[in-house]
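Pasting work.pdb here (PDB, C-alpha atoms):
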MODEL        1
ATOM      1  CA  MET A 655     -25.364  25.257 -88.336
ATOM      2  CA  PRO A 656     -21.774  24.487 -89.416
ATOM      3  CA  GLY A 657     -20.551  28.039 -88.763
ATOM      4  CA  ALA A 658     -22.044  28.143 -85.286
ATOM      5  CA  THR A 659     -20.647  24.697 -84.507
ATOM      6  CA  ALA A 660     -17.140  25.721 -85.589
ATOM      7  CA  GLU A 661     -17.363  28.931 -83.579
ATOM      8  CA  SER A 662     -18.503  26.991 -80.529
ATOM      9  CA  ALA A 663     -15.614  24.537 -80.932
ATOM     10  CA  VAL A 664     -13.092  27.378 -81.175
ATOM     11  CA  GLY A 665     -14.596  29.060 -78.118
ATOM     12  CA  GLY A 666     -14.456  25.823 -76.148
ATOM     13  CA  THR A 667     -10.823  25.309 -77.107
ATOM     14  CA  LEU A 668      -9.900  28.839 -76.041
ATOM     15  CA  ILE A 669     -11.634  28.399 -72.697
ATOM     16  CA  LEU A 670      -9.844  25.095 -72.144
ATOM     17  CA  LEU A 671      -6.481  26.695 -72.942
ATOM     18  CA  THR A 672      -7.265  29.617 -70.631
ATOM     19  CA  ALA A 673      -8.175  27.297 -67.769
ATOM     20  CA  LEU A 674      -5.070  25.164 -68.316
ATOM     21  CA  LEU A 675      -2.921  28.293 -68.381
ATOM     22  CA  MET A 676      -4.468  29.421 -65.087
ATOM     23  CA  ILE A 677      -3.613  26.179 -63.336
ATOM     24  CA  SER A 678      -0.150  25.780 -64.868
ATOM     25  CA  TYR A 679       1.743  27.577 -62.099
ATOM     26  CA  PRO A 680      -0.198  26.000 -59.191
ATOM     27  CA  CYS A 681       0.338  22.573 -60.753
ATOM     28  CA  TYR A 682       4.043  23.289 -61.187
ATOM     29  CA  ARG A 683       4.356  24.384 -57.545
ATOM     30  CA  VAL A 684       2.472  21.385 -56.192
ATOM     31  CA  ILE A 685       4.413  18.891 -58.313
ATOM     32  CA  SER A 686       7.668  20.535 -57.207
ATOM     33  CA  LEU A 687       6.657  20.258 -53.549
ATOM     34  CA  VAL A 688       5.754  16.594 -53.999
ATOM     35  CA  LEU A 689       9.066  15.830 -55.726
ATOM     36  CA  ASP A 690      10.928  17.663 -52.955
ATOM     37  CA  LYS A 691       8.949  15.575 -50.425
ATOM     38  CA  ALA A 692       7.729  18.805 -48.840
ATOM     39  CA  ILE A 693       4.130  17.519 -48.964
ATOM     40  CA  ASP A 694       2.619  14.057 -49.249
ATOM     41  CA  THR A 695       1.869  12.591 -52.653
ATOM     42  CA  VAL A 696      -1.769  12.141 -51.641
ATOM     43  CA  GLU A 697      -2.105  15.817 -50.688
ATOM     44  CA  GLY A 698      -0.598  16.932 -53.975
ATOM     45  CA  THR A 699      -2.760  14.532 -55.953
ATOM     46  CA  VAL A 700      -5.955  15.759 -54.290
ATOM     47  CA  TYR A 701      -5.120  19.380 -55.128
ATOM     48  CA  LEU A 702      -4.332  18.558 -58.765
ATOM     49  CA  VAL A 703      -7.466  16.430 -59.159
ATOM     50  CA  VAL A 704      -9.641  19.237 -57.802
ATOM     51  CA  LEU A 705      -8.079  21.781 -60.155
ATOM     52  CA  LEU A 706      -8.564  19.514 -63.157
ATOM     53  CA  GLY A 707     -12.087  18.747 -61.987
ATOM     54  CA  PHE A 708     -12.990  22.419 -62.099
ATOM     55  CA  VAL A 709     -11.418  22.681 -65.547
ATOM     56  CA  GLY A 710     -13.663  19.821 -66.637
ATOM     57  CA  GLY A 711     -16.667  21.571 -65.140
ATOM     58  CA  ILE A 712     -15.829  24.789 -66.988
ATOM     59  CA  VAL A 713     -15.509  23.005 -70.321
ATOM     60  CA  SER A 714     -18.762  21.116 -69.743
ATOM     61  CA  SER A 715     -20.764  24.203 -68.832
ATOM     62  CA  TRP A 716     -19.167  27.025 -70.801
ATOM     63  CA  GLY A 717     -21.616  29.385 -72.421
ATOM     64  CA  THR A 718     -23.771  29.456 -69.295
ATOM     65  CA  PRO A 719     -23.535  31.538 -66.105
ATOM     66  CA  LEU A 720     -22.319  28.373 -64.382
ATOM     67  CA  GLY A 721     -19.213  28.260 -66.579
ATOM     68  CA  LEU A 722     -18.273  31.811 -65.625
ATOM     69  CA  MET A 723     -18.842  31.073 -61.942
ATOM     70  CA  LEU A 724     -16.602  28.002 -62.138
ATOM     71  CA  LEU A 725     -13.899  30.076 -63.816
ATOM     72  CA  VAL A 726     -13.964  32.472 -60.853
ATOM     73  CA  LEU A 727     -13.830  29.572 -58.382
ATOM     74  CA  LEU A 728     -10.916  28.069 -60.294
ATOM     75  CA  ALA A 729      -9.037  31.364 -60.013
ATOM     76  CA  ALA A 730      -9.629  31.301 -56.246
ATOM     77  CA  LEU A 731      -8.307  27.735 -56.045
ATOM     78  CA  CYS A 732      -5.196  28.785 -57.946
ATOM     79  CA  VAL A 733      -4.558  31.435 -55.302
ATOM     80  CA  GLY A 734      -5.092  28.681 -52.729
ATOM     81  CA  VAL A 735      -1.749  27.172 -53.702
ATOM     82  CA  GLN A 736      -0.353  29.484 -51.019
ATOM     83  CA  LEU A 737      -2.067  27.293 -48.426
ATOM     84  CA  VAL A 738      -0.317  24.264 -49.890
ATOM     85  CA  GLN A 739       2.947  26.166 -49.537
ATOM     86  CA  ARG A 740       2.099  26.804 -45.887
ATOM     87  CA  VAL A 741       1.707  23.063 -45.374
ATOM     88  CA  ALA A 742       5.179  22.556 -46.823
ATOM     89  CA  ASN A 743       6.588  25.309 -44.612
ATOM     90  CA  GLN A 744       5.041  23.706 -41.535
ATOM     91  CA  ARG A 745       6.565  20.355 -42.458
ATOM     92  CA  ALA A 746       9.954  22.035 -42.795
ATOM     93  CA  LEU A 747       9.488  23.676 -39.390
ATOM     94  CA  ASP A 748       8.609  20.301 -37.861
ATOM     95  CA  ALA A 749      11.803  18.835 -39.291
ATOM     96  CA  MET A 750      13.822  21.714 -37.825
ATOM     97  CA  ASP A 751      12.149  21.183 -34.449
ATOM     98  CA  ALA A 752      13.100  17.512 -34.540
ATOM     99  CA  GLU A 753      16.712  18.449 -35.237
ATOM    100  CA  ASP A 754      16.695  21.021 -32.423
ATOM    101  CA  LEU A 755      15.286  18.477 -29.972
ATOM    102  CA  ALA A 756      17.966  15.993 -30.971
ATOM    103  CA  GLU A 757      20.571  18.688 -30.336
ATOM    104  CA  CYS A 758      19.039  19.439 -26.926
ATOM    105  CA  ASP A 759      19.128  15.740 -26.047
ATOM    106  CA  ALA A 760      22.799  15.581 -27.008
ATOM    107  CA  ILE A 761      23.647  18.595 -24.822
ATOM    108  CA  ILE A 762      21.594  17.212 -21.926
ATOM    109  CA  ALA A 763      23.487  13.933 -22.146
ATOM    110  CA  LYS A 764      26.780  15.818 -21.785
ATOM    111  CA  ARG A 765      25.635  18.460 -19.275
ATOM    112  CA  PRO A 766      22.621  17.023 -17.424
ATOM    113  CA  THR A 767      22.199  19.997 -15.069
ATOM    114  CA  LEU A 768      22.266  22.783 -17.681
ATOM    115  CA  SER A 769      18.775  24.261 -17.425
ATOM    116  CA  SER A 770      18.875  26.224 -20.703
ATOM    117  CA  SER A 771      18.857  23.030 -22.790
ATOM    118  CA  TYR A 772      15.820  21.714 -20.938
ATOM    119  CA  LYS A 773      13.992  25.041 -21.317
ATOM    120  CA  ARG A 774      14.728  25.130 -25.022
ATOM    121  CA  ALA A 775      13.405  21.594 -25.425
ATOM    122  CA  VAL A 776      10.298  22.439 -23.392
ATOM    123  CA  ASP A 777       9.583  25.509 -25.543
ATOM    124  CA  ILE A 778       9.730  23.386 -28.696
ATOM    125  CA  CYS A 779       7.467  20.717 -27.209
ATOM    126  CA  ARG A 780       4.930  23.298 -26.041
ATOM    127  CA  ARG A 781       4.772  24.859 -29.494
ATOM    128  CA  ARG A 782       4.136  21.406 -30.964
ATOM    129  CA  GLY A 783       1.507  20.586 -28.339
ATOM    130  CA  GLU A 784       3.617  17.713 -26.956
ATOM    131  CA  TYR A 785       2.966  18.469 -23.303
ATOM    132  CA  ASP A 786       3.727  14.954 -22.096
ATOM    133  CA  ARG A 787       7.211  15.176 -23.564
ATOM    134  CA  ALA A 788       7.686  18.655 -22.096
ATOM    135  CA  VAL A 789       6.715  17.348 -18.658
ATOM    136  CA  GLY A 790       9.293  14.600 -19.076
ATOM    137  CA  TYR A 791      12.057  17.112 -19.738
ATOM    138  CA  VAL A 792      11.236  19.190 -16.657
ATOM    139  CA  GLU A 793      10.929  16.136 -14.404
ATOM    140  CA  GLN A 794      14.232  14.858 -15.727
ATOM    141  CA  TYR A 795      15.898  18.169 -14.929
ATOM    142  CA  LEU A 796      14.487  18.357 -11.398
ATOM    143  CA  GLU A 797      15.558  14.787 -10.738
ATOM    144  CA  ARG A 798      19.126  15.593 -11.732
ATOM    145  CA  ALA A 799      19.525  19.183 -10.562
ATOM    146  CA  GLY A 800      17.417  19.156  -7.415
ATOM    147  CA  GLU A 801      15.114  21.966  -6.337
ATOM    148  CA  ASP A 802      14.439  24.802  -8.765
ATOM    149  CA  GLU A 803      11.482  27.058  -8.039
ATOM    150  CA  GLU A 804      11.141  28.329 -11.602
ATOM    151  CA  MET A 805      11.183  24.854 -13.118
ATOM    152  CA  GLU A 806       8.762  23.557 -10.497
ATOM    153  CA  ARG A 807       6.263  26.278 -11.422
ATOM    154  CA  LEU A 808       6.777  25.413 -15.081
ATOM    155  CA  LEU A 809       6.100  21.758 -14.293
ATOM    156  CA  GLU A 810       2.793  22.650 -12.639
ATOM    157  CA  ARG A 811       1.681  24.652 -15.689
ATOM    158  CA  LEU A 812       2.689  21.880 -18.058
ATOM    159  CA  LYS A 813       0.852  19.237 -16.056
ATOM    160  CA  ARG A 814      -2.268  21.407 -16.110
ATOM    161  CA  LEU A 815      -2.008  21.778 -19.891
ATOM    162  CA  LEU A 816      -1.418  18.050 -20.274
ATOM    163  CA  ARG A 817      -4.476  17.246 -18.172
ATOM    164  CA  GLN A 818      -6.599  19.630 -20.233
ATOM    165  CA  GLN A 819      -5.316  18.066 -23.436
ATOM    166  CA  ARG A 820      -6.033  14.508 -22.317
ATOM    167  CA  LEU A 821      -9.484  15.268 -20.943
ATOM    168  CA  GLY A 822     -10.481  17.418 -23.913
ATOM    169  CA  VAL A 823     -11.284  20.330 -21.628
ATOM    170  CA  LYS A 824     -12.461  23.460 -23.425
ATOM    171  CA  ILE A 825     -10.628  26.589 -22.341
ATOM    172  CA  CYS A 826     -12.612  29.782 -22.678
ATOM    173  CA  PRO A 827     -10.555  32.305 -24.699
ATOM    174  CA  GLU A 828     -12.305  35.127 -22.854
ATOM    175  CA  CYS A 829     -11.783  34.247 -19.174
ATOM    176  CA  ALA A 830      -9.508  31.157 -19.415
ATOM    177  CA  ALA A 831     -11.993  29.071 -17.404
ATOM    178  CA  GLU A 832     -12.046  25.307 -17.885
ATOM    179  CA  ASN A 833     -15.242  23.825 -19.299
ATOM    180  CA  PRO A 834     -16.226  20.163 -19.702
ATOM    181  CA  PRO A 835     -15.864  18.541 -23.143
ATOM    182  CA  GLY A 836     -18.855  19.291 -25.351
ATOM    183  CA  SER A 837     -19.682  22.579 -23.643
ATOM    184  CA  HIS A 838     -21.224  25.166 -25.939
ATOM    185  CA  ARG A 839     -20.978  28.090 -23.523
ATOM    186  CA  CYS A 840     -18.500  29.019 -20.838
ATOM    187  CA  GLY A 841     -19.869  28.267 -17.391
ATOM    188  CA  GLN A 842     -18.178  31.352 -15.959
ATOM    189  CA  CYS A 843     -18.603  34.174 -18.491
ATOM    190  CA  ASN A 844     -21.275  32.601 -20.754
ATOM    191  CA  ARG A 845     -19.131  33.145 -23.840
ATOM    192  CA  LEU A 846     -20.143  30.978 -26.800
ATOM    193  CA  LEU A 847     -17.538  28.226 -27.173
ATOM    194  CA  ALA A 848     -18.790  26.416 -30.273
ATOM    195  CA  LEU A 849     -17.695  29.081 -32.758
ATOM    196  CA  PRO A 850     -17.209  28.198 -36.450
ATOM    197  CA  THR A 851     -13.449  28.046 -35.929
ATOM    198  CA  ASP A 852     -13.954  25.592 -33.062
ATOM    199  CA  LEU A 853     -16.173  23.408 -35.236
ATOM    200  CA  LEU A 854     -13.626  23.447 -38.055
ATOM    201  CA  ALA A 855     -10.849  22.516 -35.656
ATOM    202  CA  GLY A 856     -12.856  19.432 -34.743
ATOM    203  CA  CYS A 857     -12.369  18.194 -38.319
ATOM    204  CA  ALA A 858      -8.600  18.643 -38.177
ATOM    205  CA  THR A 859      -7.882  14.956 -37.632
ATOM    206  CA  GLU A 860      -6.437  12.607 -40.216
ATOM    207  CA  ALA A 861      -9.804  10.879 -40.557
ATOM    208  CA  GLY A 862     -11.592  14.214 -40.863
ATOM    209  CA  LEU A 863      -9.160  15.503 -43.472
ATOM    210  CA  ARG A 864      -9.465  12.318 -45.515
ATOM    211  CA  ALA A 865     -13.244  12.643 -45.392
ATOM    212  CA  LEU A 866     -13.055  16.267 -46.557
ATOM    213  CA  SER A 867     -10.753  15.459 -49.476
ATOM    214  CA  ALA A 868     -12.887  12.490 -50.535
ATOM    215  CA  SER A 869     -16.033  14.612 -50.306
ATOM    216  CA  SER A 870     -14.474  17.323 -52.479
ATOM    217  CA  VAL A 871     -13.516  14.878 -55.219
ATOM    218  CA  THR A 872     -16.884  13.109 -55.071
ATOM    219  CA  LEU A 873     -18.834  16.360 -55.284
ATOM    220  CA  LEU A 874     -16.679  17.461 -58.208
ATOM    221  CA  ALA A 875     -17.376  14.235 -60.084
ATOM    222  CA  ILE A 876     -21.102  14.658 -59.485
ATOM    223  CA  GLY A 877     -20.927  18.283 -60.608
ATOM    224  CA  ILE A 878     -19.128  17.400 -63.841
ATOM    225  CA  LEU A 879     -21.700  14.704 -64.620
ATOM    226  CA  LEU A 880     -24.537  17.142 -63.956
ATOM    227  CA  ALA A 881     -22.919  19.810 -66.127
ATOM    228  CA  ALA A 882     -22.286  17.355 -68.964
ATOM    229  CA  SER A 883     -25.894  16.157 -68.838
ATOM    230  CA  LYS A 884     -27.178  19.757 -68.923
ATOM    231  CA  ALA A 885     -28.914  19.415 -65.579
ATOM    232  CA  GLU A 886     -30.519  22.347 -63.782
ATOM    233  CA  ILE A 887     -27.907  25.101 -63.443
ATOM    234  CA  VAL A 888     -28.882  25.909 -59.863
ATOM    235  CA  VAL A 889     -28.416  22.303 -58.748
ATOM    236  CA  THR A 890     -25.138  21.900 -60.619
ATOM    237  CA  GLY A 891     -23.852  25.205 -59.274
ATOM    238  CA  ALA A 892     -24.744  24.219 -55.717
ATOM    239  CA  VAL A 893     -22.783  20.976 -56.084
ATOM    240  CA  PHE A 894     -19.708  22.783 -57.415
ATOM    241  CA  VAL A 895     -19.894  25.437 -54.701
ATOM    242  CA  SER A 896     -20.131  22.671 -52.097
ATOM    243  CA  ALA A 897     -17.072  20.992 -53.602
ATOM    244  CA  PHE A 898     -15.211  24.301 -53.583
ATOM    245  CA  SER A 899     -16.165  25.087 -49.971
ATOM    246  CA  THR A 900     -15.247  21.611 -48.763
ATOM    247  CA  PHE A 901     -11.872  21.763 -50.449
ATOM    248  CA  VAL A 902     -11.120  25.238 -49.078
ATOM    249  CA  VAL A 903     -11.849  23.930 -45.569
ATOM    250  CA  TYR A 904      -9.524  20.998 -46.288
ATOM    251  CA  LEU A 905      -6.724  23.339 -47.388
ATOM    252  CA  TYR A 906      -7.289  25.634 -44.410
ATOM    253  CA  LEU A 907      -7.100  22.794 -41.897
ATOM    254  CA  ARG A 908      -4.085  21.252 -43.606
ATOM    255  CA  ALA A 909      -2.274  24.565 -43.392
TER     256      ALA A 909
ENDMDL
END
Could you write out this structure as structure tokens?
Amino acid sequence: MPGATAESAVGGTLILLTALLMISYPCYRVISLVLDKAIDTVEGTVYLVVLLGFVGGIVSSWGTPLGLMLLVLLAALCVGVQLVQRVANQRALDAMDAEDLAECDAIIAKRPTLSSSYKRAVDICRRRGEYDRAVGYVEQYLERAGEDEEMERLLERLKRLLRQQRLGVKICPECAAENPPGSHRCGQCNRLLALPTDLLAGCATEAGLRALSASSVTLLAIGILLAASKAEIVVTGAVFVSAFSTFVVYLYLRA
């Protein structure tokens, strides 16, 4: 009927405007971060594509329970812009660390036996997980300054951490015992090592993050096609929820 068709068109337009209004601020923040070079262009593009993908899913499925569910998921993704901001903050912190290390190197060049500069550099390297570089600073100090009991103990701890990092040793958070790579339980206290957070951390590589972002976009495209073709709501909803979950994991690991 013409009246029903017009009403449906108006409703669809209002929903589209509502969804676009919801994503306006997150899009503005992400574009600003990209222009400021606070995050990579690829990272910003992935976030924007996912937001627009959910908008497309809402428009394609509005008038069904699926459309309402997607609207809720879109709202959650809009809140997720805070995780993107955390990525930018971490990048800024990394840049500050690089400047601090350069300053330490300059001081060390002028005063090669001043231990405070070495300790400051070691603290920065430890926070960044750069144990090999931290070991280098301590060895350099001991070579120039001679014996120093405190720095020698620090060197032993750093070498142990470096060995664990290179071998992929799993450290039990309960008893601090070392366990071989791939261990699911601690050999000393029997604590479960393969927790969900451990499994997620295993995806926190560049290859893993690229796979997660690609999976999110692919699942979204499939979901939109299913919604547009009026496929089974349960199947379409499952695809969108999978896309949402995958993207949230991506944001979490990026942050």
Requested in this report: Please indicate the distance in Å from CA of Cys840 (chain A) to CA of Leu863 (chain A), rounded to one decimal place.
Outcome: 28.0 Å
Query raised in the report: Exactly which residues make up the result of the PyMOL selection byres ((chain A and resi 712-721) around 12) on this file, given as a count of residues only?
Result: 50
Report summary line: In terms of only C-alpha atoms, the residue from A:Ser896, A:Ala865, A:Tyr772, A:Glu828 at minimal distance from Cys843 (chain A) is A:Glu828
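Closest to Val703 (chain A) among A:Cys681, A:Asp690, A:Asp754, A:Asp802 is A:Cys681, based on only C-alpha atoms.
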Mind working out the centre and edge lengths of an axis-aligned box for region 743-759 of chain A, all listed atoms inside, 8 Å added to each side, rounded to one decimal in Å and written as lines of an AutoDock Vina configuration file?
center_x = 12.8
center_y = 20.5
center_z = -35.3
size_x = 31.5
size_y = 25.6
size_z = 34.6
Report task. For the structure provided, state which residues fall under the PyMOL selection byres ((chain A and resi 768) around 12), and present them as number ranges by chain. Result -> A: 758-767, 769-775, 791-792, 794-796, 798-800
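Computed from the coordinates, the CA of Asp786 (chain A) to CA of Ala756 (chain A) distance equals 16.8 Å.
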Query - Output of the PyMOL selection byres ((chain A and resi 684) around 8), listed as number ranges by chain - result: A: 680-683, 685-688, 698, 701-702, 735, 738
Query raised in the report: In terms of the shortest atom-to-atom distance over all atoms listed in the file, which of A:Leu821, A:Val700, A:Leu846, A:Asp694 is closest to Pro834 (chain A)?
Result: A:Leu821
